[in-house]
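Just protein_7.cif here, mmCIF, C-alpha atoms:
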```cif
data_data
#
loop_
_atom_site.group_PDB
_atom_site.id
_atom_site.type_symbol
_atom_site.label_atom_id
_atom_site.label_comp_id
_atom_site.auth_asym_id
_atom_site.auth_seq_id
_atom_site.Cartn_x
_atom_site.Cartn_y
_atom_site.Cartn_z
ATOM 1 C CA MET A 1087 28.775 -20.136 6.680
ATOM 2 C CA PHE A 1088 26.820 -21.578 3.762
ATOM 3 C CA TYR A 1089 24.175 -22.964 6.104
ATOM 4 C CA MET A 1090 23.796 -19.595 7.819
ATOM 5 C CA PHE A 1091 23.241 -17.855 4.469
ATOM 6 C CA SER A 1092 20.772 -20.477 3.289
ATOM 7 C CA GLY A 1093 18.908 -20.298 6.603
ATOM 8 C CA ILE A 1094 18.578 -16.523 6.183
ATOM 9 C CA ILE A 1095 17.417 -16.973 2.576
ATOM 10 C CA LEU A 1096 14.770 -19.569 3.396
ATOM 11 C CA ILE A 1097 13.362 -17.908 6.534
ATOM 12 C CA CYS A 1098 13.258 -14.422 5.008
ATOM 13 C CA SER A 1099 11.700 -15.593 1.752
ATOM 14 C CA LEU A 1100 8.985 -17.408 3.732
ATOM 15 C CA LEU A 1101 8.397 -14.228 5.744
ATOM 16 C CA THR A 1102 8.286 -12.166 2.527
ATOM 17 C CA ILE A 1103 5.216 -13.979 1.308
ATOM 18 C CA THR A 1104 3.499 -14.449 4.684
ATOM 19 C CA THR A 1105 3.891 -11.132 6.500
ATOM 20 C CA ARG A 1106 0.834 -8.947 6.588
ATOM 21 C CA ARG A 1107 2.583 -5.577 6.413
ATOM 22 C CA ILE A 1108 3.816 -4.619 2.971
ATOM 23 C CA LEU A 1109 6.858 -2.582 4.044
ATOM 24 C CA ARG A 1110 8.138 -5.483 6.143
ATOM 25 C CA ALA A 1111 7.797 -7.735 3.105
ATOM 26 C CA ALA A 1112 10.112 -5.363 1.210
ATOM 27 C CA VAL A 1113 12.680 -5.425 4.035
ATOM 28 C CA TYR A 1114 12.625 -9.242 4.161
ATOM 29 C CA LEU A 1115 13.136 -9.273 0.384
ATOM 30 C CA LEU A 1116 16.189 -7.058 0.927
ATOM 31 C CA CYS A 1117 17.543 -9.622 3.450
ATOM 32 C CA VAL A 1118 17.076 -12.420 0.895
ATOM 33 C CA LEU A 1119 18.973 -10.484 -1.778
ATOM 34 C CA LEU A 1120 21.837 -9.624 0.600
ATOM 35 C CA ALA A 1121 22.222 -13.268 1.653
ATOM 36 C CA THR A 1122 22.270 -14.256 -2.018
ATOM 37 C CA ALA A 1123 25.127 -11.814 -2.564
ATOM 38 C CA GLY A 1124 26.879 -13.574 0.327
ATOM 39 C CA LEU A 1125 26.489 -16.898 -1.500
ATOM 40 C CA TYR A 1126 28.090 -15.372 -4.600
ATOM 41 C CA PHE A 1127 31.013 -14.168 -2.498
ATOM 42 C CA MET A 1128 31.386 -17.732 -1.155
ATOM 43 C CA LEU A 1129 31.508 -19.051 -4.715
ATOM 44 C CA LYS A 1130 34.264 -16.498 -5.471
ATOM 45 C CA TYR A 1131 32.280 -14.536 -8.063
ATOM 46 C CA GLN A 1132 33.023 -11.089 -6.684
ATOM 47 C CA PHE A 1133 31.763 -9.200 -9.736
ATOM 48 C CA MET A 1134 28.436 -11.040 -9.713
ATOM 49 C CA ALA A 1135 28.044 -10.314 -5.994
ATOM 50 C CA ALA A 1136 28.764 -6.621 -6.564
ATOM 51 C CA VAL A 1137 26.163 -6.474 -9.344
ATOM 52 C CA GLN A 1138 23.669 -8.209 -7.064
ATOM 53 C CA LEU A 1139 24.331 -5.701 -4.288
ATOM 54 C CA THR A 1140 24.100 -2.588 -6.445
ATOM 55 C CA LEU A 1141 21.370 -3.503 -8.928
ATOM 56 C CA TYR A 1142 19.103 -5.774 -6.892
ATOM 57 C CA ALA A 1143 19.588 -4.672 -3.302
ATOM 58 C CA GLY A 1144 20.288 -1.083 -4.231
ATOM 59 C CA GLY A 1145 18.092 -0.442 -7.235
ATOM 60 C CA ILE A 1146 15.091 -2.733 -7.354
ATOM 61 C CA VAL A 1147 14.373 -2.719 -3.621
ATOM 62 C CA VAL A 1148 14.508 1.080 -3.508
ATOM 63 C CA LEU A 1149 12.139 1.194 -6.503
ATOM 64 C CA ILE A 1150 9.727 -1.204 -4.771
ATOM 65 C CA ILE A 1151 9.853 0.753 -1.498
ATOM 66 C CA PHE A 1152 9.140 4.022 -3.325
ATOM 67 C CA SER A 1153 6.155 2.495 -5.072
ATOM 68 C CA ILE A 1154 4.889 1.120 -1.753
ATOM 69 C CA LEU A 1155 5.128 4.592 -0.238
ATOM 70 C CA LEU A 1156 3.254 6.032 -3.225
ATOM 71 C CA THR A 1157 0.446 3.522 -3.312
ATOM 72 C CA SER A 1158 -0.417 2.216 0.154
ATOM 73 C CA HIS A 1159 -0.820 3.226 3.769
ATOM 74 C CA ILE A 1160 1.957 2.094 6.064
ATOM 75 C CA THR A 1161 -0.350 0.990 8.856
ATOM 76 C CA HIS A 1162 -2.518 -1.022 6.484
ATOM 77 C CA ARG A 1163 -2.537 -4.766 7.111
ATOM 78 C CA PHE A 1164 -3.592 -7.351 4.581
ATOM 79 C CA LYS A 1165 -6.613 -9.507 5.125
ATOM 80 C CA HIS A 1166 -5.969 -13.215 5.460
ATOM 81 C CA PRO A 1167 -5.984 -14.897 2.037
ATOM 82 C CA ASP A 1168 -8.815 -17.137 0.885
ATOM 83 C CA LEU A 1169 -8.609 -20.710 2.079
ATOM 84 C CA VAL A 1170 -8.948 -22.055 -1.474
ATOM 85 C CA LYS A 1171 -6.085 -19.910 -2.751
ATOM 86 C CA LEU A 1172 -3.942 -20.843 0.236
ATOM 87 C CA ILE A 1173 -4.485 -24.568 -0.312
ATOM 88 C CA MET A 1174 -3.865 -24.238 -4.062
ATOM 89 C CA GLY A 1175 -0.657 -22.267 -3.616
ATOM 90 C CA VAL A 1176 0.831 -24.428 -0.883
ATOM 91 C CA SER A 1177 -0.040 -27.685 -2.635
ATOM 92 C CA THR A 1178 1.438 -26.427 -5.929
ATOM 93 C CA ALA A 1179 4.637 -25.477 -4.138
ATOM 94 C CA LEU A 1180 4.848 -28.787 -2.255
ATOM 95 C CA VAL A 1181 4.193 -30.998 -5.294
ATOM 96 C CA GLY A 1182 6.512 -29.045 -7.594
ATOM 97 C CA GLY A 1183 9.243 -28.719 -5.003
ATOM 98 C CA GLY A 1184 9.074 -32.414 -4.137
ATOM 99 C CA LEU A 1185 9.370 -33.411 -7.783
ATOM 100 C CA VAL A 1186 12.304 -31.104 -8.471
ATOM 101 C CA ILE A 1187 14.194 -32.095 -5.313
ATOM 102 C CA ALA A 1188 13.688 -35.806 -6.066
ATOM 103 C CA THR A 1189 15.076 -35.225 -9.567
ATOM 104 C CA ILE A 1190 18.079 -33.311 -8.217
ATOM 105 C CA LEU A 1191 18.904 -35.993 -5.660
ATOM 106 C CA SER A 1192 18.666 -38.838 -8.181
ATOM 107 C CA HIS A 1193 20.779 -37.161 -10.885
ATOM 108 C CA PRO A 1194 24.534 -37.835 -10.729
ATOM 109 C CA PHE A 1195 26.334 -34.532 -11.281
ATOM 110 C CA GLN A 1196 29.783 -34.725 -12.849
ATOM 111 C CA THR A 1197 31.826 -32.100 -11.091
ATOM 112 C CA GLY A 1198 34.169 -30.351 -13.495
ATOM 113 C CA THR A 1199 37.798 -31.266 -12.994
ATOM 114 C CA THR A 1200 39.371 -28.550 -15.111
ATOM 115 C CA SER A 1201 41.239 -25.789 -13.368
ATOM 116 C CA GLU A 1202 39.245 -22.776 -12.270
ATOM 117 C CA LEU A 1203 39.377 -19.718 -14.483
ATOM 118 C CA PRO A 1204 40.489 -16.683 -12.486
ATOM 119 C CA VAL A 1205 37.528 -14.302 -12.669
ATOM 120 C CA ASN A 1206 38.956 -10.826 -12.952
ATOM 121 C CA MET A 1207 37.521 -7.725 -14.567
ATOM 122 C CA THR A 1208 39.794 -7.938 -17.621
ATOM 123 C CA GLU A 1209 38.539 -11.422 -18.442
ATOM 124 C CA ILE A 1210 34.891 -10.422 -17.960
ATOM 125 C CA GLY A 1211 35.224 -7.309 -20.118
ATOM 126 C CA ASN A 1212 37.058 -9.147 -22.905
ATOM 127 C CA GLN A 1213 34.539 -11.971 -23.064
ATOM 128 C CA LEU A 1214 31.530 -9.668 -22.831
ATOM 129 C CA LEU A 1215 32.553 -7.631 -25.872
ATOM 130 C CA SER A 1216 34.306 -10.188 -28.073
ATOM 131 C CA THR A 1217 32.712 -11.672 -31.172
ATOM 132 C CA GLY A 1218 34.796 -14.823 -31.321
ATOM 133 C CA LYS A 1219 34.648 -17.985 -29.218
ATOM 134 C CA ASN A 1220 33.302 -17.396 -25.695
ATOM 135 C CA GLY A 1221 32.071 -13.980 -26.822
ATOM 136 C CA TYR A 1222 28.815 -12.512 -25.620
ATOM 137 C CA VAL A 1223 28.446 -9.339 -27.661
ATOM 138 C CA LEU A 1224 25.075 -10.335 -29.181
ATOM 139 C CA PRO A 1225 23.138 -10.727 -25.893
ATOM 140 C CA PHE A 1226 24.937 -7.614 -24.636
ATOM 141 C CA GLU A 1227 23.554 -5.538 -27.520
ATOM 142 C CA LEU A 1228 20.137 -7.167 -27.183
ATOM 143 C CA ILE A 1229 19.902 -6.278 -23.523
ATOM 144 C CA SER A 1230 20.985 -2.713 -24.188
ATOM 145 C CA ILE A 1231 18.121 -2.312 -26.694
ATOM 146 C CA LEU A 1232 15.755 -3.983 -24.216
ATOM 147 C CA LEU A 1233 16.765 -1.553 -21.462
ATOM 148 C CA LEU A 1234 16.240 1.426 -23.773
ATOM 149 C CA ALA A 1235 12.793 0.138 -24.747
ATOM 150 C CA ALA A 1236 11.864 -0.481 -21.116
ATOM 151 C CA MET A 1237 12.994 3.001 -20.119
ATOM 152 C CA ILE A 1238 10.921 4.682 -22.843
ATOM 153 C CA ALA A 1239 7.936 2.443 -22.046
ATOM 154 C CA ALA A 1240 8.087 3.261 -18.332
ATOM 155 C CA ILE A 1241 8.181 6.998 -19.067
ATOM 156 C CA VAL A 1242 5.302 6.793 -21.552
ATOM 157 C CA ILE A 1243 3.128 4.683 -19.257
ATOM 158 C CA ALA A 1244 3.700 6.667 -16.082
ATOM 159 C CA LYS A 1245 3.456 10.185 -17.460
ATOM 160 C CA LYS A 1246 0.275 12.094 -16.866
ATOM 161 C CA ASP A 1247 -2.072 12.718 -19.748
ATOM 162 C CA LYS A 1248 -2.006 16.477 -20.286
ATOM 163 C CA ASN A 1249 -5.289 16.757 -22.199
ATOM 164 C CA LYS A 1250 -7.201 14.748 -19.628
ATOM 165 C CA ASN A 1251 -5.899 16.885 -16.764
ATOM 166 C CA SER A 1252 -6.775 20.143 -18.492
ATOM 167 C CA GLU A 1253 -10.351 18.946 -19.011
ATOM 168 C CA ILE A 1254 -10.703 18.244 -15.314
ATOM 169 C CA MET B 438 33.891 -28.865 -4.222
ATOM 170 C CA ILE B 439 33.859 -25.526 -2.473
ATOM 171 C CA GLN B 440 34.655 -26.011 1.220
ATOM 172 C CA GLY B 441 33.150 -29.496 1.182
ATOM 173 C CA ILE B 442 29.629 -28.405 0.315
ATOM 174 C CA PRO B 443 28.047 -30.660 -2.335
ATOM 175 C CA ILE B 444 26.247 -29.081 -5.276
ATOM 176 C CA GLU B 445 22.906 -30.615 -4.233
ATOM 177 C CA HIS B 446 22.660 -28.364 -1.172
ATOM 178 C CA PHE B 447 22.854 -25.194 -3.278
ATOM 179 C CA LEU B 448 20.305 -26.612 -5.711
ATOM 180 C CA ILE B 449 17.873 -27.586 -2.941
ATOM 181 C CA VAL B 450 18.063 -24.110 -1.399
ATOM 182 C CA SER B 451 17.333 -22.458 -4.752
ATOM 183 C CA THR B 452 14.511 -24.935 -5.482
ATOM 184 C CA ILE B 453 12.784 -24.198 -2.178
ATOM 185 C CA MET B 454 13.182 -20.463 -2.804
ATOM 186 C CA PHE B 455 11.700 -20.826 -6.312
ATOM 187 C CA PHE B 456 8.610 -22.626 -5.045
ATOM 188 C CA ILE B 457 8.158 -20.189 -2.156
ATOM 189 C CA GLY B 458 8.037 -17.539 -4.880
ATOM 190 C CA VAL B 459 5.462 -19.531 -6.868
ATOM 191 C CA ALA B 460 3.277 -20.017 -3.784
ATOM 192 C CA GLY B 461 3.532 -16.322 -2.955
ATOM 193 C CA PHE B 462 2.516 -15.406 -6.495
ATOM 194 C CA ILE B 463 -0.623 -17.544 -6.150
ATOM 195 C CA ILE B 464 -1.557 -16.565 -2.581
ATOM 196 C CA ARG B 465 -1.003 -12.806 -2.596
ATOM 197 C CA ARG B 466 -3.543 -10.330 -3.900
ATOM 198 C CA ASN B 467 -1.566 -7.084 -3.830
ATOM 199 C CA LEU B 468 0.259 -6.311 -7.079
ATOM 200 C CA ILE B 469 3.475 -5.131 -5.412
ATOM 201 C CA THR B 470 3.797 -8.280 -3.301
ATOM 202 C CA MET B 471 3.238 -10.345 -6.440
ATOM 203 C CA LEU B 472 6.127 -8.399 -8.002
ATOM 204 C CA MET B 473 8.256 -9.312 -4.979
ATOM 205 C CA ALA B 474 7.413 -12.999 -5.515
ATOM 206 C CA ILE B 475 8.601 -12.671 -9.118
ATOM 207 C CA GLU B 476 11.874 -11.185 -7.864
ATOM 208 C CA LEU B 477 12.308 -14.205 -5.566
ATOM 209 C CA ILE B 478 11.819 -16.554 -8.530
ATOM 210 C CA LEU B 479 14.351 -14.698 -10.715
ATOM 211 C CA ASN B 480 16.856 -14.621 -7.870
ATOM 212 C CA SER B 481 16.661 -18.381 -7.296
ATOM 213 C CA VAL B 482 17.243 -19.011 -11.004
ATOM 214 C CA ASN B 483 20.307 -16.753 -10.791
ATOM 215 C CA ILE B 484 21.707 -18.864 -7.953
ATOM 216 C CA ASN B 485 21.204 -21.972 -10.078
ATOM 217 C CA PHE B 486 23.094 -20.532 -13.067
ATOM 218 C CA VAL B 487 26.034 -19.381 -10.960
ATOM 219 C CA VAL B 488 26.297 -22.666 -9.060
ATOM 220 C CA PHE B 489 26.235 -24.751 -12.247
ATOM 221 C CA ASN B 490 28.939 -22.497 -13.662
ATOM 222 C CA ARG B 491 31.174 -22.876 -10.627
ATOM 223 C CA TYR B 492 30.760 -26.611 -10.020
ATOM 224 C CA LEU B 493 30.322 -28.168 -13.460
ATOM 225 C CA TYR B 494 32.217 -25.853 -15.859
ATOM 226 C CA PRO B 495 34.712 -23.879 -13.772
ATOM 227 C CA ASP B 496 36.840 -23.007 -16.829
ATOM 228 C CA GLN B 497 34.118 -20.937 -18.509
ATOM 229 C CA LEU B 498 31.916 -17.979 -17.598
ATOM 230 C CA GLN B 499 28.574 -18.692 -19.300
ATOM 231 C CA GLY B 500 26.496 -18.976 -16.132
ATOM 232 C CA GLN B 501 27.827 -15.719 -14.763
ATOM 233 C CA PHE B 502 27.053 -13.823 -17.974
ATOM 234 C CA PHE B 503 23.531 -15.147 -18.184
ATOM 235 C CA SER B 504 22.963 -14.238 -14.519
ATOM 236 C CA LEU B 505 24.112 -10.709 -15.383
ATOM 237 C CA PHE B 506 21.621 -10.559 -18.252
ATOM 238 C CA ILE B 507 18.837 -11.890 -15.990
ATOM 239 C CA VAL B 508 19.588 -9.139 -13.457
ATOM 240 C CA GLY B 509 19.298 -6.544 -16.224
ATOM 241 C CA ILE B 510 16.021 -7.990 -17.466
ATOM 242 C CA ALA B 511 14.680 -8.064 -13.896
ATOM 243 C CA ALA B 512 15.484 -4.374 -13.487
ATOM 244 C CA ALA B 513 13.702 -3.498 -16.756
ATOM 245 C CA GLU B 514 10.708 -5.619 -15.815
ATOM 246 C CA ALA B 515 10.452 -4.077 -12.351
ATOM 247 C CA SER B 516 10.546 -0.534 -13.726
ATOM 248 C CA VAL B 517 7.794 -1.177 -16.302
ATOM 249 C CA ALA B 518 5.679 -3.081 -13.751
ATOM 250 C CA ILE B 519 5.931 -0.281 -11.229
ATOM 251 C CA ALA B 520 4.974 2.302 -13.848
ATOM 252 C CA LEU B 521 1.889 0.214 -14.625
ATOM 253 C CA ILE B 522 1.065 -0.221 -10.926
ATOM 254 C CA ILE B 523 1.245 3.523 -10.259
ATOM 255 C CA ASN B 524 -0.984 4.163 -13.261
ATOM 256 C CA ILE B 525 -3.519 1.616 -12.021
ATOM 257 C CA TYR B 526 -3.428 3.222 -8.579
ATOM 258 C CA ARG B 527 -4.226 6.623 -10.094
ATOM 259 C CA LYS B 528 -7.234 5.119 -11.824
ATOM 260 C CA LEU B 529 -8.645 2.766 -9.181
ATOM 261 C CA GLN B 530 -7.191 4.037 -5.846
ATOM 262 C CA ASN B 531 -6.034 0.546 -4.858
ATOM 263 C CA ILE B 532 -3.794 -2.142 -6.322
ATOM 264 C CA ASP B 533 -5.544 -5.462 -5.701
ATOM 265 C CA VAL B 534 -5.574 -7.924 -8.567
ATOM 266 C CA GLU B 535 -9.333 -8.445 -8.434
ATOM 267 C CA ASN B 536 -9.937 -4.883 -9.584
ATOM 268 C CA VAL B 537 -7.595 -5.022 -12.560
ATOM 269 C CA ASN B 538 -9.984 -6.785 -14.902
ATOM 270 C CA GLU B 539 -10.089 -3.933 -17.355
ATOM 271 C CA MET B 540 -6.922 -2.438 -18.813
ATOM 272 C CA MET B 541 -8.568 0.477 -20.597
ATOM 273 C CA TYR B 542 -6.282 3.456 -20.839
#
```

Will you turn the file into structure tokens for me?
Amino acid sequence: MFYMFSGIILICSLLTITTRRILRAAVYLLCVLLATAGLYFMLKYQFMAAVQLTLYAGGIVVLIIFSILLTSHITHRFKHPDLVKLIMGVSTALVGGGLVIATILSHPFQTGTTSELPVNMTEIGNQLLSTGKNGYVLPFELISILLLAAMIAAIVIAKKDKNKNSEI
Amino acid sequence: MIQGIPIEHFLIVSTIMFFIGVAGFIIRRNLITMLMAIELILNSVNINFVVFNRYLYPDQLQGQFFSLFIVGIAAAEASVAIALIINIYRKLQNIDVENVNEMMY
């Protein structure tokens, strides 16, 4: 099961960056995100998998597809990339990936022996909003302010300039 | 151990996915496909956090919470980036990176 999910992830992420049609790239990205949610289900983090499905696969992919429909022609195909850029990108990925994989394989990981914490919604909600030990209320508030700022910024950037339009 | 799968296999999958994202970010010229490469990178980092949480510290929830925060940040980043991309498209009629050398508004 794990190897099926990782096969889907690797093949679809390769196709995402190599396909020449932009809408297909978005659909392959959706496949990658769904398979990642499957990995979270395998690791028994149901809440994380649900967030992945709703926010990533539901929200971000729909946003990307809408912007594709607004900005490009469906039948348009990309030109082949420059040879220099292709060599640079692939060699960067190969060198970096080789280094990181060598480090991972040589490092002895100490698997935790303590008993698994049952991950239910009560536990998640208590820890997310507590200020004591194992409490995460500070990053929670930070991210709420960040989301508000991002929402206002997106509206301000994307809205049409009224004065400019009236001049035209 | 979850079903006999060692932790290295998860880490290798997420590493390969991360560097596919990096290569895509360098190779592609369209802004939206570059945004997709960034989403691949963020997603692989999420897998790493969750796997470390499950295998090394199964009695705590830090990795899961930080993955949640990364998902939120990714959503905010995608919305702002897409607002910028649509604005650039209104101005230049295409969204290739070569043409975005002036950010005058």

So which residues get picked by the PyMOL selection byres ((chain A) within 6 of (chain B)) here, written as a PyMOL selection string?
chain A and resi 1103+1171-1172+1175-1176+1179+1197-1198+1202-1203+1233+1236+1240+1244

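Once the PyMOL selection byres ((chain A and resi 1117) around 10) is applied to the shown structure, the selection contains Ile1094, Ile1095, Ile1097, Cys1098, Ser1099, Thr1102, Ala1111, Ala1112, Val1113, Tyr1114, Leu1115, Leu1116, Val1118, Leu1119, Leu1120, Ala1121, Thr1122, Ala1123 and Ala1143 of chain A.
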
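Going from atom CA of A:Ala1136 over to atom CA of A:Ile1210, you cover 13.5 Å.
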
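Atom CA of A:Gly1093 lies 23.7 Å from atom CA of A:Ser1192.
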
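The two atoms in question, atom CA of A:Ile1151 and atom CA of A:Val1170, are spaced 29.6 Å apart.
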
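The residue that comes closest to A:Tyr1131, out of B:Lys528, B:Gly500, B:Leu468, B:Asn536 and on the basis of all atoms listed in the file, is B:Gly500.
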
Please evaluate the PyMOL selection byres ((chain A and resi 1211-1213) around 12) against the displayed coordinates and give the resulting residues as JSON, numbers by chain.
{"A": [1133, 1205, 1206, 1207, 1208, 1209, 1210, 1214, 1215, 1216, 1217, 1218, 1219, 1220, 1221, 1222, 1223, 1224, 1225, 1226], "B": [497, 498, 499, 501, 502]}
